[in-house]
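To start, the structure itself, in structure tokens.
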Amino acid sequence: MNRSYAHVILASLAAALGSAAAVAAAPAAPTGPAPSDDPHPAPINVLTSSAGLARGLIFVTPTGAAAPPLTNPDGGAAPPPASADGGATGHSVGPEIIDNRGRPVWFLPLAQGLGATDFRVQNYRGEPVLTWIQSAGGFSTGPTVDVIADRHYRTIATVSAGSGLIADTHEFRLTNEGTALITVYRTVPYDLSSVGGPSNGKVTEGVVQEIDVATGRVLFEWHSLDHVGLDESHQPLPSASGQAWDYFHINAVNPDLDGNLLISSRHTWTVYKLDRRTGAVIWRLGGKKSDFELGPGVAFAWQHAPLPADGPGTIRIFDNEAGTGAPALPYSRVIWVHHDDVHRTATLERWFKHPDNLLAASQGNSEGLDNGDTFVGWGQVPRISEFDRAGTLLWDAELTGGNTYRAYRHQWTGEPDTIPAAKAEAAAAGGTIVHAIWNGATRVARWEILGGSEGRDLSWIDTVAWDGLDTTVTVPPSLAVVQVIARDEYGRELGRSAVTSAGT
């Protein structure tokens, strides 16, 4: 890529990320663009697309590295930091919005050493916002900040863990009360002799915090070691001396319909319901100490992202079925489990798997959509999909830039507070290659291209349909200067670039 063209995009991104006031005393969100000559995300290949998809754009955080093998011992959910060349694929990494054709709509290339997870649309103070987790190390091993950005892509607030802890990269959930639910990994010295380990061992527990976004104050804090015994874990003890045992591996926390909390422990194969006031465990679903008798097909393993679905008493779960050791089933699946809190039974209401029998040894999520479809991120497997209520695959795509921890579909209107950018260069076979760029502008339907011999003598050259973050077209004339105008589906002007000299 032409270095000056890269600078056009980087300048646009830097302007779009101008920050507003963030939470007092919270660390600044490191949202600067990556120092790269190619800030474009890796391509996303759409494999299947059908009519009748749910409305909205798609939100992912490709890691920039190949997925780890199925036998990865820690089942890591956090992306590796980007390498100096932008990751294993040579592309920058960061939160990305794409459309149904896999074309980038918005992309934030992160600085070297940073990764992002859990990128989605949520609501804050009555407005839709973008949120994601940004970290220099997963599992609370490096500086981590949770970012909230407005429709102009400006950071308006950040959230960090309290009580001297470091946030984790699994969950950043905003609530209707103006709070954030986050996960934390905390390693402490611990006597593991009760489960066959050393008396002077170390254990990593799961911590939940609920934080007031406006003040950063911790309103609720829960520690797994206070409520969940070591004997509930399915995770083998570490073989290396001095290595901490990740016995719990928290990967989700969300409000249930009654306001109490649902949390997921990957390594105990259990969904726990917590009293939001006291932290007491109300019940366990699954695992070694389930409070429910599990009906046929209910048992799950190494699961992620349990969420209330389809009314009271039903939870949708991304059931990995794979982790440390041999998989329980030869595929991962999405399941709907109904729990009867009176009779203490759990039944499988419905389920589906991918027709390719995808097996995700880590990560993954499922999201219920307004039209009844389900959107699925396949975690460690670099695929994202949409299914109808009958479990029929409607849309499927492959990420070439590494896997995404979670994937979502949301309706989103982005209005960057920058102007469009134009770039032009001579085509080898004659004519001019024109790039029209407006990172994050979601209402652009087409680009009008103007050009000429000098800035004061511009003529209409062509009109082309929007074709991604960088809409590129070759026009016949050899142009000295160019300008691009963004128009919506009704032909109204949304913005225009500065007049730019070709080849600069």
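So you can find residues: chains in the structure tokens are A, B, ... in the order shown, residues in each start at 1, and ligands are numbered from 1 in order.
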
### Task
Do a neighbour search on Glu232 of chain A at 12 Å with only C-alpha atoms, toss out local chain neighbours closer than 5 positions, and write the hits as a list of chain:residue names.
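Listing them by chain and then by number gives A:Ser194, A:Val195, A:Ser224, A:Leu225, A:His227, A:Tyr247, A:Phe248, A:His249, A:Ser265, A:Arg266, A:His267, A:Thr268, A:Trp269, A:Thr270, A:Arg284, A:Gly286, A:Gly287, A:Lys288, A:Lys289, A:Ser290.
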
### Query
Got a sec: who's within 9 Å of Pro312 of chain A, counting only C-alpha atoms, leaving out chain neighbours fewer than 6 positions off, as a list in words?
Asp256, Leu257, Asp258 and His338 of chain A

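Distance check against Trp438 of chain A using only C-alpha atoms: of A:Thr144, A:Thr413, A:Thr471, A:Gln134, the minimum falls on A:Thr471.
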
### DSSP strand (DSSP E) residues within segment 193-356 of chain A, listed as number ranges by chain
A: 201-212, 218-223, 250-255, 261-265, 270-274, 281-285, 293-294, 304-308, 314-319, 333-340, 345-352

### Nearby residues (only C-alpha atoms) at most 7 Å from Ala436 of chain A, same-chain spacing under 6 positions excluded, as number ranges by chain
A: 421-423, 470-472, 484

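Every protein, DNA or RNA residue with an atom at most 9 Å from Ile166 of chain A, where only C-alpha atoms count and chain neighbours fewer than 5 positions away do not, is listed here: Phe139, Ser140, Thr141, Gly142, Pro143, Thr144, Val145, Ser160, Ala161, Val184, Tyr185 and Arg186 of chain A.
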
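Across A:Glu293, A:Glu493, A:Asp488, A:Glu398, the tightest approach to Val337 of chain A is made by A:Glu293 when counting only C-alpha atoms.
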
### Message
Report as a list in words all protein, DNA and RNA residues lying within 8 Å of segment 497-500 of chain A, evaluated on only C-alpha atoms, omitting residues in the same chain fewer than 2 positions from it.
### Response
Ile419, Pro420, Ala421, Ala422, Lys423, Ala424, Gly455, Val481, Val482, Gln483, Val484, Ile485, Gly495, Ala502 and Thr504 of chain A

Next, the residues of the selection above should be written as a short mmCIF file (atom, residue, chain, number, x, y, z; two decimals), in the first residue's frame with C-alpha atoms.
data_model
loop_
_atom_site.label_atom_id
_atom_site.label_comp_id
_atom_site.auth_asym_id
_atom_site.auth_seq_id
_atom_site.Cartn_x
_atom_site.Cartn_y
_atom_site.Cartn_z
CA ILE A 419 -14.95 14.75 6.87
CA PRO A 420 -14.44 12.13 4.16
CA ALA A 421 -10.94 11.60 2.82
CA ALA A 422 -9.90 11.21 -0.81
CA LYS A 423 -6.75 9.73 -2.29
CA ALA A 424 -5.80 9.38 -5.93
CA GLY A 455 -8.52 22.78 -7.37
CA VAL A 481 -6.77 16.78 -8.21
CA VAL A 482 -9.78 14.88 -6.85
CA GLN A 483 -12.62 15.40 -4.44
CA VAL A 484 -15.24 12.91 -3.21
CA ILE A 485 -18.78 13.63 -1.99
CA GLY A 495 -20.05 15.24 3.59
CA ALA A 502 -3.27 12.98 -7.04
CA THR A 504 0.15 12.68 -2.58
#

### Query
Which of these residues is nearest to Gly259 of chain A, using only C-alpha atoms: A:Glu171, A:Glu177, A:Asp291, A:Asp99?
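Checking each candidate against Gly259 of chain A, we get A:Glu177 as the closest.
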
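One distance worth recording is that between atom CA of Leu393 of chain A and atom CA of Gly102 of chain A, which is 16.7 Å.
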
### Task
Pick out the residues sitting within 9 Å of Pro382 of chain A, and hand them over as an MDAnalysis selection string; count only C-alpha atoms, and ignore anything fewer than 4 positions along from it in its own chain.
chainID A and resid 62 66:67 377:378 397:404

For the selection you just gave me, I'd like the residues written to a file as an mmCIF file, in the first residue's frame, keeping N, CA and C atoms.
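Output file again32.cif is given in full below:
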data_model
loop_
_atom_site.group_PDB
_atom_site.id
_atom_site.type_symbol
_atom_site.label_atom_id
_atom_site.label_comp_id
_atom_site.auth_asym_id
_atom_site.auth_seq_id
_atom_site.Cartn_x
_atom_site.Cartn_y
_atom_site.Cartn_z
ATOM 1 N N PRO A 62 -11.242 -9.595 15.410
ATOM 2 C CA PRO A 62 -10.256 -10.598 14.987
ATOM 3 C C PRO A 62 -8.925 -10.400 15.699
ATOM 4 N N ALA A 66 -3.400 -16.769 14.216
ATOM 5 C CA ALA A 66 -4.106 -18.027 13.998
ATOM 6 C C ALA A 66 -4.651 -18.557 15.305
ATOM 7 N N ALA A 67 -5.771 -19.277 15.227
ATOM 8 C CA ALA A 67 -6.367 -19.856 16.428
ATOM 9 C C ALA A 67 -5.440 -20.907 17.017
ATOM 10 N N GLY A 377 -20.952 -16.550 17.356
ATOM 11 C CA GLY A 377 -19.515 -16.495 17.163
ATOM 12 C C GLY A 377 -18.938 -17.822 17.619
ATOM 13 N N TRP A 378 -18.159 -18.472 16.752
ATOM 14 C CA TRP A 378 -17.673 -19.824 17.057
ATOM 15 C C TRP A 378 -16.335 -19.813 17.778
ATOM 16 N N ALA A 397 -19.590 -16.874 7.652
ATOM 17 C CA ALA A 397 -18.387 -16.197 7.176
ATOM 18 C C ALA A 397 -17.172 -16.722 7.901
ATOM 19 N N GLU A 398 -16.040 -16.588 7.239
ATOM 20 C CA GLU A 398 -14.754 -17.021 7.780
ATOM 21 C C GLU A 398 -13.860 -15.816 7.962
ATOM 22 N N LEU A 399 -13.243 -15.706 9.130
ATOM 23 C CA LEU A 399 -12.307 -14.627 9.414
ATOM 24 C C LEU A 399 -10.911 -15.079 9.024
ATOM 25 N N THR A 400 -10.254 -14.322 8.142
ATOM 26 C CA THR A 400 -8.894 -14.685 7.746
ATOM 27 C C THR A 400 -7.851 -14.101 8.685
ATOM 28 N N GLY A 401 -8.270 -13.192 9.553
ATOM 29 C CA GLY A 401 -7.327 -12.514 10.445
ATOM 30 C C GLY A 401 -7.362 -13.048 11.856
ATOM 31 N N GLY A 402 -7.578 -14.343 12.036
ATOM 32 C CA GLY A 402 -7.662 -14.917 13.378
ATOM 33 C C GLY A 402 -9.094 -14.984 13.857
ATOM 34 N N ASN A 403 -9.286 -15.643 14.971
ATOM 35 C CA ASN A 403 -10.637 -15.825 15.501
ATOM 36 C C ASN A 403 -11.089 -14.594 16.277
ATOM 37 N N THR A 404 -12.381 -14.527 16.584
ATOM 38 C CA THR A 404 -12.955 -13.455 17.399
ATOM 39 C C THR A 404 -13.563 -14.080 18.647
#
